[in-house]
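Before any comments, here is the structure.
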Amino acid sequence: MLRSSSPYPVNTEIQETFFLRIWNSFRSLFGFKKPKKIAKTPIPSPEQLREMVERFKEAIKKNPQDCSSHFKLGEALIHLKRIRDAIQPLTEATKIDPNFYEAFFHLGQSYAELGRDEDAIPPLEKAIELKPESEVVKKVLAGVYKEQCEYFGKSKRYDLALEAFEKAINIIPKFGPAYLAIGMTLSQQGKYEEAFKKIDLALKYDKNLTVDAYYQLGQIHEKLGDVKKAMKDYKSAISASPRAALPQLALGLLYSKQDKFSDAANHLQAAVTYSPRIASEGFFQLGRALLKLNRHDEAVVPFKEAVKRFPDNKTVKDGLAESLFRVSEKLASENRIRDQIIILEEAVKANPHYGKCQFSLAKVYDEGKDGINAVIHMTLAREAFEKSKEKQPEALALKTLMSYFKKYNLNPRDYSAIRLPNTY
């Protein structure tokens, strides 16, 4: 699976040089004329790259030992983001020419992009052997070891994590990402003081790590129970990048625990706005904070998003039902009965086990003289209260239900089979 964002450096000058080289090679190979009076050859478009792929494949068919065509095919595939497909031609290029530095480098980088770190190491080590002064290759290989350090740390294989860290800093002694990775690993082991030192070094060596480093420091301070320092760390991360979802989420949760729901809502809203996938937990917490602030209409949307992500979570479904119930109360005060029914029907469809909504819906139908629906929903309300062991609401629902049978001259036996459905 491709990494969502590469931890490895991107040298735009090298990329541009690559495009010019591959495009010019393609021109000379297939007889294209250079346009006159153009200072820069334009970067090939995806359509042109796809055409180049087919041409290089044809060239390889004619001459399977054509190292250049294998290599250029691999490069074109990389820039079409078909990295898996690029592995085979790049591998062939390294077999045909064991001293082809660029082929080894691009092969190793491709494996790294695919998350195949073990496969990435041999070609990258060969690339360094062929060109030991290359800083770009060093950064990519150190990045691979950093990824291994992080992976082994999460897998609780701490000896291997330490070994990968040492390999990374052996290549680049002040490689900040590696210090951050080992800091996270030490934190997982409960070695917080050592973790602090390594993360501080990460900050010192690489200012680009400010957000991640402060977020990790905040996580450690939370584990130590120092909420004040944790909040300070998260604010430092947010100050460096307001769009950083994890620090926004963490800070929002801390404000929520302190019942500072206005501050919580602001940070949780930012978290789910900037990264809904990473901050998925934030939808429920945002809905909860908005409910506490009596902003019931606003709470419905994040609760709905939370239900989409956690459809089997009772607490999440209860949150949605409660927010809809509160909205229905406002509609009732405005005498908007039709809208109230729509909202309550939505609530019991989303969460048929929420007795309060079933009870209110039954009462609304009763006000509209719809005896059958009043009986059905009051029966479901009683069943829900019984399952949740709410004795007083259950008794009230039963008493009200009996009054409906009498009021509408209905036979209780006709409704005896009604049970709370698993899905409404």
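For the structure tokens, the naming scheme is as follows: chains receive sequential letters (A, B, ...) according to their order of presentation, residues are indexed from 1 within each chain, and ligands are indexed from 1 in presentation order.
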
Exercise: Asn99 (chain A) partners within 10 Å, only C-alpha atoms, chain neighbours under 2 positions left out, as a VMD selection string:
chain A and resid 93 to 97 101 to 104 126 to 127 129 to 131

Can I get the selected residues back with C-alpha atoms, as a PDB file, in the first residue's frame?
ATOM      1  CA  ALA A  93      18.056  -2.175 -15.379  1.00  0.00           C
ATOM      2  CA  THR A  94      20.108  -2.995 -12.249  1.00  0.00           C
ATOM      3  CA  LYS A  95      20.640  -6.568 -13.473  1.00  0.00           C
ATOM      4  CA  ILE A  96      21.812  -5.459 -16.902  1.00  0.00           C
ATOM      5  CA  ASP A  97      24.119  -2.788 -15.461  1.00  0.00           C
ATOM      6  CA  TYR A 101      23.549   4.233  -9.709  1.00  0.00           C
ATOM      7  CA  GLU A 102      20.292   5.963 -10.690  1.00  0.00           C
ATOM      8  CA  ALA A 103      18.519   2.664 -11.320  1.00  0.00           C
ATOM      9  CA  PHE A 104      19.425   1.393  -7.843  1.00  0.00           C
ATOM     10  CA  LYS A 126      24.184  -0.262  -3.391  1.00  0.00           C
ATOM     11  CA  ALA A 127      23.411   3.281  -4.568  1.00  0.00           C
ATOM     12  CA  GLU A 129      28.263   2.315  -2.491  1.00  0.00           C
ATOM     13  CA  LEU A 130      28.260   3.594  -6.073  1.00  0.00           C
ATOM     14  CA  LYS A 131      27.902   7.257  -5.090  1.00  0.00           C
TER      15      LYS A 131
END

Compile the contact shell of region 275-286 of chain A as a compact mmCIF listing (two decimals) with C-alpha atoms, in the first residue's frame: residues with an atom at most 7 Å away, counting only C-alpha atoms, same-chain residues fewer than 3 positions apart removed.
# COMPACT_ATOMS: atom_id res chain seq x y z
CA ALA A 245 -5.46 17.86 13.12
CA LEU A 246 -4.00 15.70 15.89
CA LEU A 249 -8.07 17.04 18.48
CA ALA A 265 -15.79 22.91 20.22
CA LEU A 268 -12.57 19.86 17.66
CA GLN A 269 -14.22 21.67 14.75
CA ALA A 271 -9.60 18.94 13.77
CA VAL A 272 -12.49 17.39 11.84
CA ALA A 289 -19.56 19.74 23.26
CA LEU A 290 -22.20 21.46 21.14
CA PRO A 302 -21.12 15.97 13.71
CA PHE A 303 -23.18 13.28 15.42
CA GLU A 305 -20.77 11.93 10.82
CA ALA A 306 -19.82 10.01 13.96
CA VAL A 316 -22.58 7.58 19.45

If you count only C-alpha atoms, which residues fall within 12 Å of region 64-78 of chain A, apart from same-chain ones fewer than 6 positions away, as a ChimeraX atom specification?
/A:15,18-26,29,43-58,84-107,109-111,113-114

Keeping C-alpha atoms, export the residues of the selection given above as an mmCIF file, in the first residue's frame.
data_model
loop_
_atom_site.group_PDB
_atom_site.id
_atom_site.type_symbol
_atom_site.label_atom_id
_atom_site.label_comp_id
_atom_site.auth_asym_id
_atom_site.auth_seq_id
_atom_site.Cartn_x
_atom_site.Cartn_y
_atom_site.Cartn_z
ATOM 1 C CA GLN A 15 12.736 16.041 -10.446
ATOM 2 C CA PHE A 18 14.692 14.086 -14.643
ATOM 3 C CA PHE A 19 11.718 15.258 -16.665
ATOM 4 C CA LEU A 20 13.934 17.195 -19.053
ATOM 5 C CA ARG A 21 16.304 14.274 -19.475
ATOM 6 C CA ILE A 22 13.610 11.662 -20.047
ATOM 7 C CA TRP A 23 11.653 13.932 -22.416
ATOM 8 C CA ASN A 24 14.733 14.855 -24.455
ATOM 9 C CA SER A 25 15.755 11.193 -24.628
ATOM 10 C CA PHE A 26 12.305 10.350 -25.864
ATOM 11 C CA LEU A 29 14.879 8.285 -29.783
ATOM 12 C CA ILE A 43 7.460 18.684 -18.487
ATOM 13 C CA PRO A 44 5.659 15.789 -20.218
ATOM 14 C CA SER A 45 1.945 15.601 -19.564
ATOM 15 C CA PRO A 46 0.352 12.368 -18.290
ATOM 16 C CA GLU A 47 -0.787 11.623 -21.839
ATOM 17 C CA GLN A 48 2.741 12.066 -23.152
ATOM 18 C CA LEU A 49 4.141 9.913 -20.352
ATOM 19 C CA ARG A 50 1.659 7.151 -21.160
ATOM 20 C CA GLU A 51 2.723 7.293 -24.794
ATOM 21 C CA MET A 52 6.344 7.124 -23.705
ATOM 22 C CA VAL A 53 5.579 4.018 -21.609
ATOM 23 C CA GLU A 54 4.227 2.199 -24.656
ATOM 24 C CA ARG A 55 7.202 3.272 -26.789
ATOM 25 C CA PHE A 56 9.724 2.109 -24.198
ATOM 26 C CA LYS A 57 7.903 -1.209 -23.903
ATOM 27 C CA GLU A 58 8.202 -1.644 -27.678
ATOM 28 C CA ARG A 84 4.413 -0.992 -8.325
ATOM 29 C CA ASP A 85 4.674 -1.324 -12.087
ATOM 30 C CA ALA A 86 8.000 0.527 -12.036
ATOM 31 C CA ILE A 87 9.700 -2.107 -9.856
ATOM 32 C CA GLN A 88 10.176 -4.697 -12.606
ATOM 33 C CA PRO A 89 11.840 -2.498 -15.281
ATOM 34 C CA LEU A 90 14.057 -0.796 -12.692
ATOM 35 C CA THR A 91 15.107 -4.198 -11.356
ATOM 36 C CA GLU A 92 15.957 -5.301 -14.887
ATOM 37 C CA ALA A 93 18.056 -2.175 -15.379
ATOM 38 C CA THR A 94 20.108 -2.995 -12.249
ATOM 39 C CA LYS A 95 20.640 -6.568 -13.473
ATOM 40 C CA ILE A 96 21.812 -5.459 -16.902
ATOM 41 C CA ASP A 97 24.119 -2.788 -15.461
ATOM 42 C CA PRO A 98 25.265 -3.540 -11.872
ATOM 43 C CA ASN A 99 26.900 -0.093 -11.696
ATOM 44 C CA PHE A 100 23.830 1.918 -12.715
ATOM 45 C CA TYR A 101 23.549 4.233 -9.709
ATOM 46 C CA GLU A 102 20.292 5.963 -10.690
ATOM 47 C CA ALA A 103 18.519 2.664 -11.320
ATOM 48 C CA PHE A 104 19.425 1.393 -7.843
ATOM 49 C CA PHE A 105 18.376 4.691 -6.281
ATOM 50 C CA HIS A 106 14.982 4.835 -7.991
ATOM 51 C CA LEU A 107 14.371 1.156 -7.274
ATOM 52 C CA GLN A 109 12.986 4.797 -3.438
ATOM 53 C CA SER A 110 10.095 2.983 -5.125
ATOM 54 C CA TYR A 111 10.188 0.183 -2.573
ATOM 55 C CA GLU A 113 7.238 4.585 -1.228
ATOM 56 C CA LEU A 114 5.390 1.266 -1.224
#

Excluding region 181-189 of chain A and residues on its chain fewer than 6 positions from it, collect all residues at most 7 Å away from it, counting only C-alpha atoms, and give them as a ChimeraX atom specification.
/A:146,149-150,153,162,165,195-196,198-199,220

Serialized selection, C-alpha atoms, as a short mmCIF file (atom, residue, chain, number, x, y, z; two decimals), in the first residue's frame:
data_model
loop_
_atom_site.label_atom_id
_atom_site.label_comp_id
_atom_site.auth_asym_id
_atom_site.auth_seq_id
_atom_site.Cartn_x
_atom_site.Cartn_y
_atom_site.Cartn_z
CA LYS A 146 13.43 5.75 10.61
CA CYS A 149 12.27 2.27 13.99
CA GLU A 150 8.73 3.57 14.20
CA GLY A 153 8.39 0.49 18.25
CA LEU A 162 16.82 0.77 18.59
CA PHE A 165 17.54 4.10 14.90
CA ALA A 195 12.00 10.14 25.35
CA PHE A 196 12.01 13.84 26.23
CA LYS A 198 15.42 12.38 22.07
CA ILE A 199 12.42 14.47 21.02
CA ILE A 220 3.91 12.15 27.12
#

What are the DSSP helix (DSSP H, G or I) residues of region 114-178 of chain A, as an NGL selection string?
:A and (117-130 or 135-154 or 158-171 or 176-178)

Atoms kept (C-alpha atoms) for selection, written as a compact mmCIF listing (two decimals), in the first residue's frame:
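Result saved to again31.txt:
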# COMPACT_ATOMS: atom_id res chain seq x y z
CA ASP A 117 11.35 -1.11 3.71
CA GLU A 118 13.25 -4.42 3.80
CA ASP A 119 13.26 -4.52 0.01
CA ALA A 120 14.30 -0.87 -0.20
CA ILE A 121 17.49 -1.26 1.83
CA PRO A 122 19.69 -3.38 -0.53
CA PRO A 123 19.32 -1.16 -3.64
CA LEU A 124 19.75 2.00 -1.58
CA GLU A 125 22.88 0.61 0.06
CA LYS A 126 24.18 -0.26 -3.39
CA ALA A 127 23.41 3.28 -4.57
CA ILE A 128 25.44 4.70 -1.68
CA GLU A 129 28.26 2.31 -2.49
CA LEU A 130 28.26 3.59 -6.07
CA GLU A 135 23.09 13.34 0.24
CA VAL A 136 19.74 12.51 -1.37
CA VAL A 137 20.34 8.76 -1.18
CA LYS A 138 21.54 9.08 2.39
CA LYS A 139 18.33 10.86 3.37
CA VAL A 140 16.15 8.26 1.71
CA LEU A 141 18.00 5.34 3.33
CA ALA A 142 18.00 7.05 6.72
CA GLY A 143 14.29 7.64 6.19
CA VAL A 144 13.75 3.94 5.60
CA TYR A 145 15.51 3.08 8.86
CA LYS A 146 13.43 5.75 10.61
CA GLU A 147 10.27 4.06 9.30
CA GLN A 148 11.54 0.73 10.61
CA CYS A 149 12.27 2.27 13.99
CA GLU A 150 8.73 3.57 14.20
CA TYR A 151 7.21 0.30 13.00
CA PHE A 152 9.19 -1.88 15.39
CA GLY A 153 8.39 0.49 18.25
CA LYS A 154 4.65 0.21 17.60
CA TYR A 158 12.11 -2.46 20.95
CA ASP A 159 15.54 -3.99 20.30
CA LEU A 160 14.92 -3.87 16.56
CA ALA A 161 13.61 -0.32 16.85
CA LEU A 162 16.82 0.77 18.59
CA GLU A 163 18.91 -1.03 15.98
CA ALA A 164 17.08 0.74 13.14
CA PHE A 165 17.54 4.10 14.90
CA GLU A 166 21.28 3.54 15.23
CA LYS A 167 21.56 2.64 11.56
CA ALA A 168 19.72 5.84 10.61
CA ILE A 169 21.98 8.13 12.65
CA ASN A 170 25.04 6.24 11.49
CA ILE A 171 24.15 7.47 7.99
CA GLY A 176 15.82 14.56 13.26
CA PRO A 177 13.06 12.15 12.13
CA ALA A 178 15.00 9.21 13.57

Name all residues at most 7 Å from Lys356 (chain A) (count only C-alpha atoms; drop same-chain ones fewer than 3 positions away) and give them as a PDB file with N, CA and C atoms, in the first residue's frame.
ATOM      1  N   PHE A 359     -41.027   7.855  22.913  1.00  0.00           N
ATOM      2  CA  PHE A 359     -42.090   8.389  23.781  1.00  0.00           C
ATOM      3  C   PHE A 359     -42.608   9.723  23.228  1.00  0.00           C
ATOM      4  N   SER A 360     -41.686  10.613  22.866  1.00  0.00           N
ATOM      5  CA  SER A 360     -42.105  11.926  22.351  1.00  0.00           C
ATOM      6  C   SER A 360     -42.868  11.795  21.038  1.00  0.00           C
ATOM      7  N   ALA A 381     -41.495   2.587  22.992  1.00  0.00           N
ATOM      8  CA  ALA A 381     -40.863   3.352  24.065  1.00  0.00           C
ATOM      9  C   ALA A 381     -40.800   2.520  25.349  1.00  0.00           C
TER      10      ALA A 381
END

Counting only C-alpha atoms, which of A:Leu253, A:Ala244, A:Arg295, A:Thr400 gets nearest to Ala270 (chain A)?
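Going through A:Leu253, A:Ala244, A:Arg295, A:Thr400 one by one, the smallest distance to Ala270 (chain A) is for A:Ala244.
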